[in-house]
Amino acid sequence: MRSFITKYINLFLSSDLVKISWSNSKQVLVRFIIGIVNIKIISLWLGASGMAIFTQVSNFIQIGTNIASGGINHGVTKLSSQYKFSILRQRLVLSNALFITIFFSLIVSVIIFLSASRICNILLIDESFITIIRSSGFFIFCYSFTNVLLAFIQGIENYKKFINYNLFISIVSFLVLIILTYLYQLKGAVWALYISSFLCLCYGVILSVRWFFTNHKISLSRKIILRLLGFGLTLLVASSITPILKIIIRNIIIDNCSLIEAGWWDGIKRISDTYVNIIITTLSLYFLPRISSLHNFRSLKTEIFKSIKIIFPILVIGSVMIFLFKEIIIEILFTHEFEGMKDLFSFQCIGDVIRVLNWFFAITIMFKEKIKTYIFLELFIGVVSVINAVIFIPILGIKGSTFIYFLNTLIYFIALNLVYRRLMYLENVSTL
């Protein structure tokens, strides 16, 4: 046991993943604190039902953002990393990515404006939100543009600028949310999402000014656009399925339980998303540029399992701590209206561990441009998630919401590993 601990500590301290993560620690700490305070503010000022409605609108904005960006963000990261020795090609990647974003944003904006009333009905919100929904097209464009800039900065491996940009986004979004939620409650919280997106875009353009203004002529490239759209289709399906599923499952909870219990589910999801997204963002900072430079599954396998050895013990310890201190967490972060949420932690914590492990295999399959395979897996788990929600939530009530989360992550883990092993086998056969 002692030798195992020593070996793990040596592996931990010598890892490039840990070194880059340590340089990212300032951002992680700030984002974690802001995420926790956000949960408290929303639960205190909006209540459980207000949290459910706010998150419903947030999920809609996320879907619109994904479509407006064409889902190309990971493609931007890979290509800008792949062309790291050519500033001209990097500029070409950025200009083509922004062209795609502008094109899809215009389409999304028109559709949202014309369908605002129907969108309100789908989201189970009243017609008083129709102006907010109609206005979302422009601000969805801001989010999409910002995400492309972040993906580009990450791809060129300018970690300091990437970390500072994320810090700016976190702090500005937090401050605007506090001010507008305090002044205008629920609608103020939604408008805060829009206004902060515009401010973050302005800062991103300033950071990326050297790639925008240049004496070199930048033209559109059919090859790069097609490669980006290839990634885009993959990421668009993947990134849109999650918020769509959240809307569907939330509606099922509201229909079978109540709006208050939907708020409990959103509360536990916010805790989960706060720390899991920070972990995945930190891993992405090292892992995405790294796997862009690896050209076969054998080397990828070595990199994946080396990273998993480092992160898995941390994940388990963190999830166990959250479960053990769940009542204290609820007392600190929420109001008495959320006390019923304590029964949702067990399956949620287990599912979070599996979710991070799934990310390693899913992102690898996507980065190796196995587009049809990846889309099939995402659609498969999406259908399974809806079926499980329809079956278990009416039977188990609100507890069924986190049980299906655990069940879905487990099924996805099995499917990902089967596909990953199959791809490795085919590559080995082809090299014989």
# chains A, B, ... in the order shown; residues from 1 in each chain; ligands from 1
$ residues_around --residues "region 351-359 of chain A" --least-positions-apart "4" --cutoff "7 Å" --atoms "only C-alpha atoms" --output "MDAnalysis selection string"
chainID A and resid 272 276 315:316 347 363 405:406 409:410 413
$ residues_around --residues "Leu193 (chain A)" --least-positions-apart "6" --cutoff "10 Å" --atoms "only C-alpha atoms" --output "PyMOL selection string"
chain A and resi 57-58+61+136+139-140+143+173-174+176-177+180
$ residues_around --residues "Gly263 (chain A)" --least-positions-apart "6" --cutoff "7 Å" --atoms "only C-alpha atoms" --output "PyMOL selection string"
chain A and resi 48-49+51-52
$ write_last_selection --atoms "C-alpha atoms" --output "compact mmCIF listing (two decimals), in the first residue's frame"
# COMPACT_ATOMS: atom_id res chain seq x y z
CA ALA A 48 -36.68 26.47 -6.44
CA SER A 49 -39.32 27.31 -9.07
CA MET A 51 -34.19 28.27 -10.53
CA ALA A 52 -36.06 25.77 -12.70
$ residues_around --residues "Ile393 (chain A)" --least-positions-apart "6" --cutoff "8 Å" --atoms "only C-alpha atoms" --output "ChimeraX atom specification"
/A:252-253,256,399-401
$ closest_residue --among "A:Ile53, A:Ile278, A:Val383, A:Ala68" --to "Val190 (chain A)" --atoms "only C-alpha atoms"
A:Ile53
$ closest_atom_pairs --of "region 252-341 of chain A" --to "region 28-42 of chain A" --cutoff "12 Å" --atoms "only C-alpha atoms" --output "CSV"
residue,atom,partner,partner_atom,distance
A:Gly263,CA,A:Ile42,CA,10.6
A:Trp264,CA,A:Ile39,CA,11.8
A:Asp266,CA,A:Ile39,CA,10.0
A:Gly267,CA,A:Ile39,CA,7.6
A:Ile268,CA,A:Ile39,CA,10.0
A:Lys269,CA,A:Ile39,CA,10.5
A:Arg270,CA,A:Ile39,CA,7.0
A:Ile271,CA,A:Ile36,CA,7.7
A:Ser272,CA,A:Gly35,CA,10.6
A:Asp273,CA,A:Gly35,CA,9.2
A:Thr274,CA,A:Gly35,CA,5.9
A:Tyr275,CA,A:Phe32,CA,6.9
A:Val276,CA,A:Phe32,CA,10.3
A:Asn277,CA,A:Phe32,CA,9.8
A:Ile278,CA,A:Val28,CA,6.4
A:Ile279,CA,A:Val28,CA,8.4
A:Ile280,CA,A:Val28,CA,10.8
A:Thr281,CA,A:Val28,CA,8.9
A:Thr282,CA,A:Val28,CA,7.7
A:Leu283,CA,A:Val28,CA,11.4
A:Leu285,CA,A:Val28,CA,11.8
A:Ile329,CA,A:Ile36,CA,9.8
A:Ile330,CA,A:Lys40,CA,9.5
A:Glu331,CA,A:Lys40,CA,9.9
A:Ile332,CA,A:Lys40,CA,7.7
A:Leu333,CA,A:Lys40,CA,4.6
A:Phe334,CA,A:Lys40,CA,5.5
A:Thr335,CA,A:Lys40,CA,8.2
A:His336,CA,A:Lys40,CA,11.9
A:Phe338,CA,A:Lys40,CA,11.2
$ atom_distance --atom1 "CA of Leu149 (chain A)" --atom2 "CA of Leu201 (chain A)"
8.6 Å
$ closest_residue --among "A:Ala362, A:Leu44, A:Leu92, A:Ile67" --to "Leu186 (chain A)" --atoms "only C-alpha atoms"
A:Leu44
$ residues_around --residues "Val386 (chain A)" --least-positions-apart "3" --cutoff "10 Å" --atoms "only C-alpha atoms" --output "list in words"
Leu245, Lys246, Ile248, Ile249, Ile252, Ile381, Gly382, Val383, Ala389, Val390, Ile391, Ile404 and Asn408 of chain A
$ residues_around --residues "Gly75 (chain A)" --least-positions-apart "2" --cutoff "6 Å" --atoms "only C-alpha atoms" --output "mmCIF file with N, CA and C atoms, in the first residue's frame"
data_model
loop_
_atom_site.group_PDB
_atom_site.id
_atom_site.type_symbol
_atom_site.label_atom_id
_atom_site.label_comp_id
_atom_site.auth_asym_id
_atom_site.auth_seq_id
_atom_site.Cartn_x
_atom_site.Cartn_y
_atom_site.Cartn_z
ATOM 1 N N ILE A 72 -18.309 24.059 -34.077
ATOM 2 C CA ILE A 72 -16.964 23.890 -34.645
ATOM 3 C C ILE A 72 -15.839 24.097 -33.636
ATOM 4 N N ASN A 73 -16.157 24.323 -32.361
ATOM 5 C CA ASN A 73 -15.134 24.777 -31.411
ATOM 6 C C ASN A 73 -13.968 23.807 -31.257
ATOM 7 N N THR A 77 -9.908 24.276 -32.175
ATOM 8 C CA THR A 77 -8.786 23.939 -31.286
ATOM 9 C C THR A 77 -7.810 22.998 -31.977
ATOM 10 N N LYS A 78 -8.346 21.957 -32.622
ATOM 11 C CA LYS A 78 -7.455 20.976 -33.248
ATOM 12 C C LYS A 78 -6.667 21.584 -34.404
ATOM 13 N N LEU A 228 -13.888 21.925 -40.552
ATOM 14 C CA LEU A 228 -14.538 22.513 -39.384
ATOM 15 C C LEU A 228 -15.988 22.060 -39.269
ATOM 16 N N PHE A 231 -16.187 18.550 -37.846
ATOM 17 C CA PHE A 231 -16.164 18.611 -36.390
ATOM 18 C C PHE A 231 -17.469 19.211 -35.874
#
$ closest_residue --among "A:Phe152, A:Tyr182, A:Trp45, A:Tyr412" --to "His74 (chain A)" --atoms "only C-alpha atoms"
A:Phe152
$ closest_residue --among "A:Gly50, A:Phe325, A:Ile411, A:Gly340" --to "Thr181 (chain A)" --atoms "only C-alpha atoms"
A:Gly50
$ atom_distance --atom1 "CA of Trp191 (chain A)" --atom2 "CA of Tyr165 (chain A)"
21.4 Å
$ decode --residues "region 168-287 of chain A" --atoms "C-alpha atoms" --output "mmCIF file, in the first residue's frame"
data_model
loop_
_atom_site.group_PDB
_atom_site.id
_atom_site.type_symbol
_atom_site.label_atom_id
_atom_site.label_comp_id
_atom_site.auth_asym_id
_atom_site.auth_seq_id
_atom_site.Cartn_x
_atom_site.Cartn_y
_atom_site.Cartn_z
ATOM 1 C CA PHE A 168 -12.692 37.622 -17.142
ATOM 2 C CA ILE A 169 -15.772 35.697 -18.339
ATOM 3 C CA SER A 170 -16.390 34.210 -14.884
ATOM 4 C CA ILE A 171 -15.988 37.481 -12.972
ATOM 5 C CA VAL A 172 -17.973 39.691 -15.385
ATOM 6 C CA SER A 173 -20.816 37.159 -15.688
ATOM 7 C CA PHE A 174 -20.954 36.891 -11.903
ATOM 8 C CA LEU A 175 -21.050 40.651 -11.274
ATOM 9 C CA VAL A 176 -23.698 41.317 -13.929
ATOM 10 C CA LEU A 177 -25.806 38.428 -12.585
ATOM 11 C CA ILE A 178 -25.693 39.777 -9.024
ATOM 12 C CA ILE A 179 -26.675 43.315 -10.031
ATOM 13 C CA LEU A 180 -29.512 42.464 -12.422
ATOM 14 C CA THR A 181 -30.945 39.604 -10.330
ATOM 15 C CA TYR A 182 -31.057 41.885 -7.285
ATOM 16 C CA LEU A 183 -32.770 44.656 -9.263
ATOM 17 C CA TYR A 184 -35.130 42.676 -11.510
ATOM 18 C CA GLN A 185 -35.294 39.130 -10.053
ATOM 19 C CA LEU A 186 -35.912 36.328 -12.598
ATOM 20 C CA LYS A 187 -35.975 38.406 -15.786
ATOM 21 C CA GLY A 188 -32.940 40.331 -14.577
ATOM 22 C CA ALA A 189 -31.059 37.032 -14.192
ATOM 23 C CA VAL A 190 -31.877 36.107 -17.796
ATOM 24 C CA TRP A 191 -30.880 39.541 -19.133
ATOM 25 C CA ALA A 192 -27.615 39.152 -17.200
ATOM 26 C CA LEU A 193 -26.757 36.168 -19.390
ATOM 27 C CA TYR A 194 -27.183 38.330 -22.482
ATOM 28 C CA ILE A 195 -25.337 41.437 -21.322
ATOM 29 C CA SER A 196 -22.348 39.511 -19.948
ATOM 30 C CA SER A 197 -22.052 37.644 -23.268
ATOM 31 C CA PHE A 198 -21.639 40.955 -25.118
ATOM 32 C CA LEU A 199 -19.008 42.253 -22.670
ATOM 33 C CA CYS A 200 -17.047 38.994 -22.884
ATOM 34 C CA LEU A 201 -17.071 39.138 -26.691
ATOM 35 C CA CYS A 202 -15.628 42.673 -26.643
ATOM 36 C CA TYR A 203 -12.788 41.536 -24.382
ATOM 37 C CA GLY A 204 -12.130 38.493 -26.567
ATOM 38 C CA VAL A 205 -11.766 40.641 -29.687
ATOM 39 C CA ILE A 206 -9.232 42.822 -27.850
ATOM 40 C CA LEU A 207 -7.236 39.714 -26.842
ATOM 41 C CA SER A 208 -7.255 38.373 -30.399
ATOM 42 C CA VAL A 209 -6.550 41.676 -32.135
ATOM 43 C CA ARG A 210 -3.261 40.494 -33.673
ATOM 44 C CA TRP A 211 -5.126 37.821 -35.633
ATOM 45 C CA PHE A 212 -7.881 40.183 -36.747
ATOM 46 C CA PHE A 213 -5.750 43.032 -38.057
ATOM 47 C CA THR A 214 -2.939 41.987 -40.346
ATOM 48 C CA ASN A 215 -1.411 42.984 -43.671
ATOM 49 C CA HIS A 216 -1.840 39.456 -44.958
ATOM 50 C CA LYS A 217 -4.881 38.750 -47.101
ATOM 51 C CA ILE A 218 -7.178 36.203 -45.507
ATOM 52 C CA SER A 219 -9.528 34.260 -47.765
ATOM 53 C CA LEU A 220 -12.090 31.548 -47.238
ATOM 54 C CA SER A 221 -10.836 27.993 -47.596
ATOM 55 C CA ARG A 222 -13.238 25.293 -48.747
ATOM 56 C CA LYS A 223 -10.986 22.606 -47.257
ATOM 57 C CA ILE A 224 -10.851 24.212 -43.815
ATOM 58 C CA ILE A 225 -14.585 25.006 -43.818
ATOM 59 C CA LEU A 226 -15.409 21.383 -44.645
ATOM 60 C CA ARG A 227 -13.088 20.086 -41.903
ATOM 61 C CA LEU A 228 -14.538 22.513 -39.384
ATOM 62 C CA LEU A 229 -18.085 21.564 -40.367
ATOM 63 C CA GLY A 230 -17.122 17.910 -39.988
ATOM 64 C CA PHE A 231 -16.164 18.611 -36.390
ATOM 65 C CA GLY A 232 -19.155 20.932 -36.176
ATOM 66 C CA LEU A 233 -21.687 18.250 -36.996
ATOM 67 C CA THR A 234 -20.125 16.005 -34.368
ATOM 68 C CA LEU A 235 -19.963 18.622 -31.621
ATOM 69 C CA LEU A 236 -23.322 20.123 -32.563
ATOM 70 C CA VAL A 237 -25.038 16.815 -31.922
ATOM 71 C CA ALA A 238 -23.053 16.181 -28.738
ATOM 72 C CA SER A 239 -23.339 19.635 -27.199
ATOM 73 C CA SER A 240 -26.988 20.144 -28.154
ATOM 74 C CA ILE A 241 -28.220 16.790 -26.886
ATOM 75 C CA THR A 242 -27.354 17.617 -23.257
ATOM 76 C CA PRO A 243 -29.416 20.835 -22.938
ATOM 77 C CA ILE A 244 -32.249 19.306 -25.007
ATOM 78 C CA LEU A 245 -32.319 16.318 -22.654
ATOM 79 C CA LYS A 246 -32.333 18.648 -19.647
ATOM 80 C CA ILE A 247 -35.380 20.467 -21.023
ATOM 81 C CA ILE A 248 -37.185 17.176 -21.762
ATOM 82 C CA ILE A 249 -36.360 15.637 -18.373
ATOM 83 C CA ARG A 250 -37.243 18.858 -16.533
ATOM 84 C CA ASN A 251 -40.627 18.912 -18.295
ATOM 85 C CA ILE A 252 -41.191 15.268 -17.313
ATOM 86 C CA ILE A 253 -40.352 16.116 -13.682
ATOM 87 C CA ILE A 254 -42.731 19.095 -13.729
ATOM 88 C CA ASP A 255 -45.512 16.942 -15.204
ATOM 89 C CA ASN A 256 -45.021 13.993 -12.825
ATOM 90 C CA CYS A 257 -43.742 15.753 -9.690
ATOM 91 C CA SER A 258 -43.814 19.560 -9.364
ATOM 92 C CA LEU A 259 -42.012 22.759 -10.347
ATOM 93 C CA ILE A 260 -40.438 22.832 -6.861
ATOM 94 C CA GLU A 261 -38.957 19.344 -7.312
ATOM 95 C CA ALA A 262 -37.723 20.368 -10.754
ATOM 96 C CA GLY A 263 -35.849 23.101 -8.880
ATOM 97 C CA TRP A 264 -34.317 20.446 -6.584
ATOM 98 C CA TRP A 265 -33.115 18.574 -9.654
ATOM 99 C CA ASP A 266 -31.649 21.766 -11.086
ATOM 100 C CA GLY A 267 -29.963 22.409 -7.739
ATOM 101 C CA ILE A 268 -28.185 19.058 -7.679
ATOM 102 C CA LYS A 269 -27.286 19.473 -11.358
ATOM 103 C CA ARG A 270 -25.755 22.889 -10.623
ATOM 104 C CA ILE A 271 -23.550 21.415 -7.890
ATOM 105 C CA SER A 272 -22.538 18.617 -10.238
ATOM 106 C CA ASP A 273 -21.911 20.874 -13.233
ATOM 107 C CA THR A 274 -19.909 23.357 -11.156
ATOM 108 C CA TYR A 275 -17.150 20.950 -10.188
ATOM 109 C CA VAL A 276 -17.350 18.513 -13.124
ATOM 110 C CA ASN A 277 -17.111 21.315 -15.719
ATOM 111 C CA ILE A 278 -14.121 22.795 -13.889
ATOM 112 C CA ILE A 279 -12.417 19.385 -13.967
ATOM 113 C CA ILE A 280 -13.182 18.884 -17.671
ATOM 114 C CA THR A 281 -12.100 22.437 -18.566
ATOM 115 C CA THR A 282 -8.808 21.876 -16.736
ATOM 116 C CA LEU A 283 -8.283 18.523 -18.454
ATOM 117 C CA SER A 284 -9.110 20.086 -21.833
ATOM 118 C CA LEU A 285 -6.404 22.692 -21.420
ATOM 119 C CA TYR A 286 -3.766 19.933 -21.532
ATOM 120 C CA PHE A 287 -5.522 17.035 -23.208
#
